[in-house]
Amino acid sequence: MVKIGASILSANYGYLKEEIRKVEEAGVDLIHVDMMDGHFVPNISMGIGISKYVKDITSLPTEVHLMVENPNMFISVLAGNVDIISFHIETCRFPFRTINLIKEKGSKPIVALNPSTPINTIEYILDEVYGVLVMTVEPGFSGQKFIPQMLKKIDSLKRLINKEGHDVQIFVDGGINLETAPKVVEAGADVLISSSAIFCHGDVEEAVRRLKEAVKF
Ligand code: DX5
Ligand code: ZN
């Protein structure tokens, strides 16, 4: 069963609690918080305070997607306070060490890959992570267009995971909508992260329902 994660980047921040309540009621499976530092990506978004607030107000798993130059600095505060922490392999010199920092406090690690980063950069850490987050747009903004070459990447990653028998979920993030959702699921995605298709649609419940229907084969 494919899962849906709501990225709150495109939510109405003035009504964050209500926006989260709406996606909970609509039946999403997790809340995705995008943390940016203005260095790794050309944007600044939410920080530690919002991440902890989201964790406090929702019973769904809270995933923090770190798009920052120095993930360990934030992980030392976030680990144990949120359920899942996604760090980018491009920002991480010692991924085994970073993974341990996340796990030893009881959070689950996900390794994220920018669109042009090859799969072989994470081959040797697949046994250690809960998931791989395949970016299907360049990170930094919601509302961008899905990069079609990522279908092949998801497919190759799925084959590698199956061939080696890893227990790893494939998350996809960026440009997921009614048209791209079935394609990424067919390629092997397990969890779809979506923001603008959910929060900019007008009717959150209807948007989530349609996304779920689009991936029911
Ligand atoms: C982009 C973020 C995404 C973003 C997705 O850097 O990591 O989570 O919010 O937004 P959509 O679904 O609009 O592409
Ligand atoms: Zn994200």
# chains A, B, ... in the order shown; residues from 1 in each chain; ligands from 1

call {"tool": "residues_near_ligand", "arguments": {"ligand": "ligand 2", "cutoff": "9 Å", "atoms": "only C-alpha atoms and all ligand atoms", "output": "PyMOL selection string"}}
result
chain A and resi 7-9+32-35+64-67+86+133+135+139-142+172-174+193-195

call {"tool": "write_last_selection", "arguments": {"atoms": "N, CA and C atoms", "output": "mmCIF file, in the first residue's frame"}}
result
data_model
loop_
_atom_site.group_PDB
_atom_site.id
_atom_site.type_symbol
_atom_site.label_atom_id
_atom_site.label_comp_id
_atom_site.auth_asym_id
_atom_site.auth_seq_id
_atom_site.Cartn_x
_atom_site.Cartn_y
_atom_site.Cartn_z
ATOM 1 N N SER A 7 3.893 17.486 2.755
ATOM 2 C CA SER A 7 4.936 18.476 3.039
ATOM 3 C C SER A 7 4.250 19.812 3.302
ATOM 4 N N ILE A 8 4.530 20.412 4.469
ATOM 5 C CA ILE A 8 3.799 21.622 4.847
ATOM 6 C C ILE A 8 4.406 22.894 4.256
ATOM 7 N N LEU A 9 5.383 22.735 3.363
ATOM 8 C CA LEU A 9 6.033 23.919 2.780
ATOM 9 C C LEU A 9 5.027 24.847 2.088
ATOM 10 N N HIS A 32 5.679 15.992 6.614
ATOM 11 C CA HIS A 32 7.053 16.226 6.164
ATOM 12 C C HIS A 32 7.366 17.715 6.357
ATOM 13 N N VAL A 33 8.409 17.988 7.142
ATOM 14 C CA VAL A 33 8.804 19.374 7.428
ATOM 15 C C VAL A 33 10.116 19.660 6.695
ATOM 16 N N ASP A 34 10.112 20.659 5.818
ATOM 17 C CA ASP A 34 11.306 20.997 5.040
ATOM 18 C C ASP A 34 12.122 22.051 5.756
ATOM 19 N N MET A 35 13.338 21.676 6.157
ATOM 20 C CA MET A 35 14.210 22.615 6.847
ATOM 21 C C MET A 35 15.330 23.054 5.902
ATOM 22 N N VAL A 64 11.508 15.188 9.336
ATOM 23 C CA VAL A 64 12.169 16.454 9.014
ATOM 24 C C VAL A 64 13.173 16.211 7.893
ATOM 25 N N HIS A 65 13.008 16.962 6.806
ATOM 26 C CA HIS A 65 13.879 16.857 5.632
ATOM 27 C C HIS A 65 14.906 17.982 5.729
ATOM 28 N N LEU A 66 16.142 17.607 6.075
ATOM 29 C CA LEU A 66 17.200 18.592 6.286
ATOM 30 C C LEU A 66 17.872 18.972 4.976
ATOM 31 N N MET A 67 17.631 20.188 4.518
ATOM 32 C CA MET A 67 18.347 20.702 3.344
ATOM 33 C C MET A 67 19.291 21.785 3.848
ATOM 34 N N SER A 86 15.624 13.044 7.629
ATOM 35 C CA SER A 86 16.211 12.819 6.309
ATOM 36 C C SER A 86 17.375 13.776 6.115
ATOM 37 N N LEU A 133 15.260 8.951 0.229
ATOM 38 C CA LEU A 133 14.388 10.006 -0.297
ATOM 39 C C LEU A 133 14.955 10.456 -1.639
ATOM 40 N N MET A 135 14.955 12.859 -4.498
ATOM 41 C CA MET A 135 14.430 14.164 -4.901
ATOM 42 C C MET A 135 14.096 14.116 -6.386
ATOM 43 N N PRO A 139 16.111 20.534 -4.912
ATOM 44 C CA PRO A 139 15.506 20.951 -3.647
ATOM 45 C C PRO A 139 15.513 22.472 -3.462
ATOM 46 N N GLY A 140 14.562 22.958 -2.695
ATOM 47 C CA GLY A 140 14.537 24.383 -2.361
ATOM 48 C C GLY A 140 13.155 25.028 -2.407
ATOM 49 N N PHE A 141 12.288 24.505 -3.256
ATOM 50 C CA PHE A 141 10.983 25.146 -3.438
ATOM 51 C C PHE A 141 9.915 24.095 -3.730
ATOM 52 N N SER A 142 8.700 24.408 -3.338
ATOM 53 C CA SER A 142 7.597 23.557 -3.788
ATOM 54 C C SER A 142 7.027 24.151 -5.076
ATOM 55 N N VAL A 172 9.651 9.568 -2.474
ATOM 56 C CA VAL A 172 9.918 10.504 -3.579
ATOM 57 C C VAL A 172 9.374 11.872 -3.189
ATOM 58 N N ASP A 173 10.103 12.916 -3.578
ATOM 59 C CA ASP A 173 9.766 14.267 -3.119
ATOM 60 C C ASP A 173 10.010 15.270 -4.235
ATOM 61 N N GLY A 174 8.916 15.914 -4.680
ATOM 62 C CA GLY A 174 9.038 16.997 -5.664
ATOM 63 C C GLY A 174 8.213 16.758 -6.909
ATOM 64 N N ILE A 193 5.797 12.133 -1.206
ATOM 65 C CA ILE A 193 5.735 13.395 -0.473
ATOM 66 C C ILE A 193 5.173 14.452 -1.437
ATOM 67 N N SER A 194 4.184 15.173 -0.966
ATOM 68 C CA SER A 194 3.565 16.162 -1.846
ATOM 69 C C SER A 194 3.174 17.401 -1.069
ATOM 70 N N SER A 195 3.350 18.553 -1.684
ATOM 71 C CA SER A 195 2.976 19.794 -1.005
ATOM 72 C C SER A 195 1.964 20.590 -1.808
#

call {"tool": "residues_around", "arguments": {"residues": "Asp190 (chain A)", "least_positions_apart": "4", "cutoff": "7 Å", "atoms": "only C-alpha atoms", "output": "mmCIF file with N, CA and C atoms, in the first residue's frame"}}
result
data_model
loop_
_atom_site.group_PDB
_atom_site.id
_atom_site.type_symbol
_atom_site.label_atom_id
_atom_site.label_comp_id
_atom_site.auth_asym_id
_atom_site.auth_seq_id
_atom_site.Cartn_x
_atom_site.Cartn_y
_atom_site.Cartn_z
ATOM 1 N N VAL A 2 0.680 2.113 -0.985
ATOM 2 C CA VAL A 2 1.490 3.329 -1.096
ATOM 3 C C VAL A 2 1.061 4.338 -0.027
ATOM 4 N N LYS A 3 2.051 5.001 0.562
ATOM 5 C CA LYS A 3 1.737 5.991 1.599
ATOM 6 C C LYS A 3 1.892 7.409 1.048
ATOM 7 N N GLN A 169 12.495 1.718 2.465
ATOM 8 C CA GLN A 169 11.370 2.334 1.748
ATOM 9 C C GLN A 169 11.888 3.410 0.793
ATOM 10 N N ILE A 170 11.297 3.481 -0.381
ATOM 11 C CA ILE A 170 11.654 4.568 -1.308
ATOM 12 C C ILE A 170 10.640 5.707 -1.184
ATOM 13 N N PHE A 171 11.134 6.863 -0.732
ATOM 14 C CA PHE A 171 10.332 8.078 -0.661
ATOM 15 C C PHE A 171 10.644 8.909 -1.914
ATOM 16 N N VAL A 185 5.030 5.422 -8.672
ATOM 17 C CA VAL A 185 4.654 4.188 -7.978
ATOM 18 C C VAL A 185 4.963 2.981 -8.861
#

call {"tool": "residues_around", "arguments": {"residues": "Leu101 (chain A)", "least_positions_apart": "6", "cutoff": "8 Å", "atoms": "only C-alpha atoms", "output": "PyMOL selection string"}}
result
chain A and resi 72+75-76+79

call {"tool": "write_last_selection", "arguments": {"atoms": "N, CA and C atoms", "output": "PDB file, in the first residue's frame"}}
result
ATOM      1  N   ASN A  72      24.617  17.502  10.927  1.00  0.00           N
ATOM      2  CA  ASN A  72      24.881  16.986  12.283  1.00  0.00           C
ATOM      3  C   ASN A  72      24.525  17.999  13.370  1.00  0.00           C
ATOM      4  N   ILE A  75      20.860  17.659  13.750  1.00  0.00           N
ATOM      5  CA  ILE A  75      20.510  16.310  14.213  1.00  0.00           C
ATOM      6  C   ILE A  75      20.748  16.178  15.715  1.00  0.00           C
ATOM      7  N   SER A  76      21.793  16.844  16.210  1.00  0.00           N
ATOM      8  CA  SER A  76      22.085  16.720  17.646  1.00  0.00           C
ATOM      9  C   SER A  76      20.911  17.237  18.479  1.00  0.00           C
ATOM     10  N   ALA A  79      17.262  14.750  16.903  1.00  0.00           N
ATOM     11  CA  ALA A  79      17.163  13.301  17.096  1.00  0.00           C
ATOM     12  C   ALA A  79      16.511  13.004  18.441  1.00  0.00           C
TER      13      ALA A  79
END

call {"tool": "select_by_dssp", "arguments": {"residues": "region 55-157 of chain A", "states": "alpha helix (DSSP H)", "output": "VMD selection string"}}
result
chain A and resid 55 to 57 71 to 78 95 to 104 150 to 157

call {"tool": "residues_around", "arguments": {"residues": "Gly5 (chain A)", "least_positions_apart": "6", "cutoff": "6 Å", "atoms": "only C-alpha atoms", "output": "list in words"}}
result
Val28, Asp29, Leu30, Ile31, Leu192 and Ile193 of chain A

call {"tool": "write_last_selection", "arguments": {"atoms": "N, CA and C atoms", "output": "PDB file, in the first residue's frame"}}
result
ATOM      1  N   VAL A  28      -3.632  11.326   5.333  1.00  0.00           N
ATOM      2  CA  VAL A  28      -2.224  11.164   4.950  1.00  0.00           C
ATOM      3  C   VAL A  28      -1.510  10.352   6.033  1.00  0.00           C
ATOM      4  N   ASP A  29      -0.334   9.846   5.696  1.00  0.00           N
ATOM      5  CA  ASP A  29       0.365   8.915   6.595  1.00  0.00           C
ATOM      6  C   ASP A  29       1.478   9.557   7.405  1.00  0.00           C
ATOM      7  N   LEU A  30       1.976  10.705   6.958  1.00  0.00           N
ATOM      8  CA  LEU A  30       3.012  11.388   7.739  1.00  0.00           C
ATOM      9  C   LEU A  30       3.064  12.859   7.362  1.00  0.00           C
ATOM     10  N   ILE A  31       3.706  13.646   8.253  1.00  0.00           N
ATOM     11  CA  ILE A  31       3.902  15.083   7.990  1.00  0.00           C
ATOM     12  C   ILE A  31       5.395  15.303   7.731  1.00  0.00           C
ATOM     13  N   LEU A 192       4.931   8.799  -1.139  1.00  0.00           N
ATOM     14  CA  LEU A 192       4.917  10.001  -1.977  1.00  0.00           C
ATOM     15  C   LEU A 192       4.806  11.240  -1.100  1.00  0.00           C
ATOM     16  N   ILE A 193       5.797  12.133  -1.206  1.00  0.00           N
ATOM     17  CA  ILE A 193       5.735  13.395  -0.473  1.00  0.00           C
ATOM     18  C   ILE A 193       5.173  14.452  -1.437  1.00  0.00           C
TER      19      ILE A 193
END
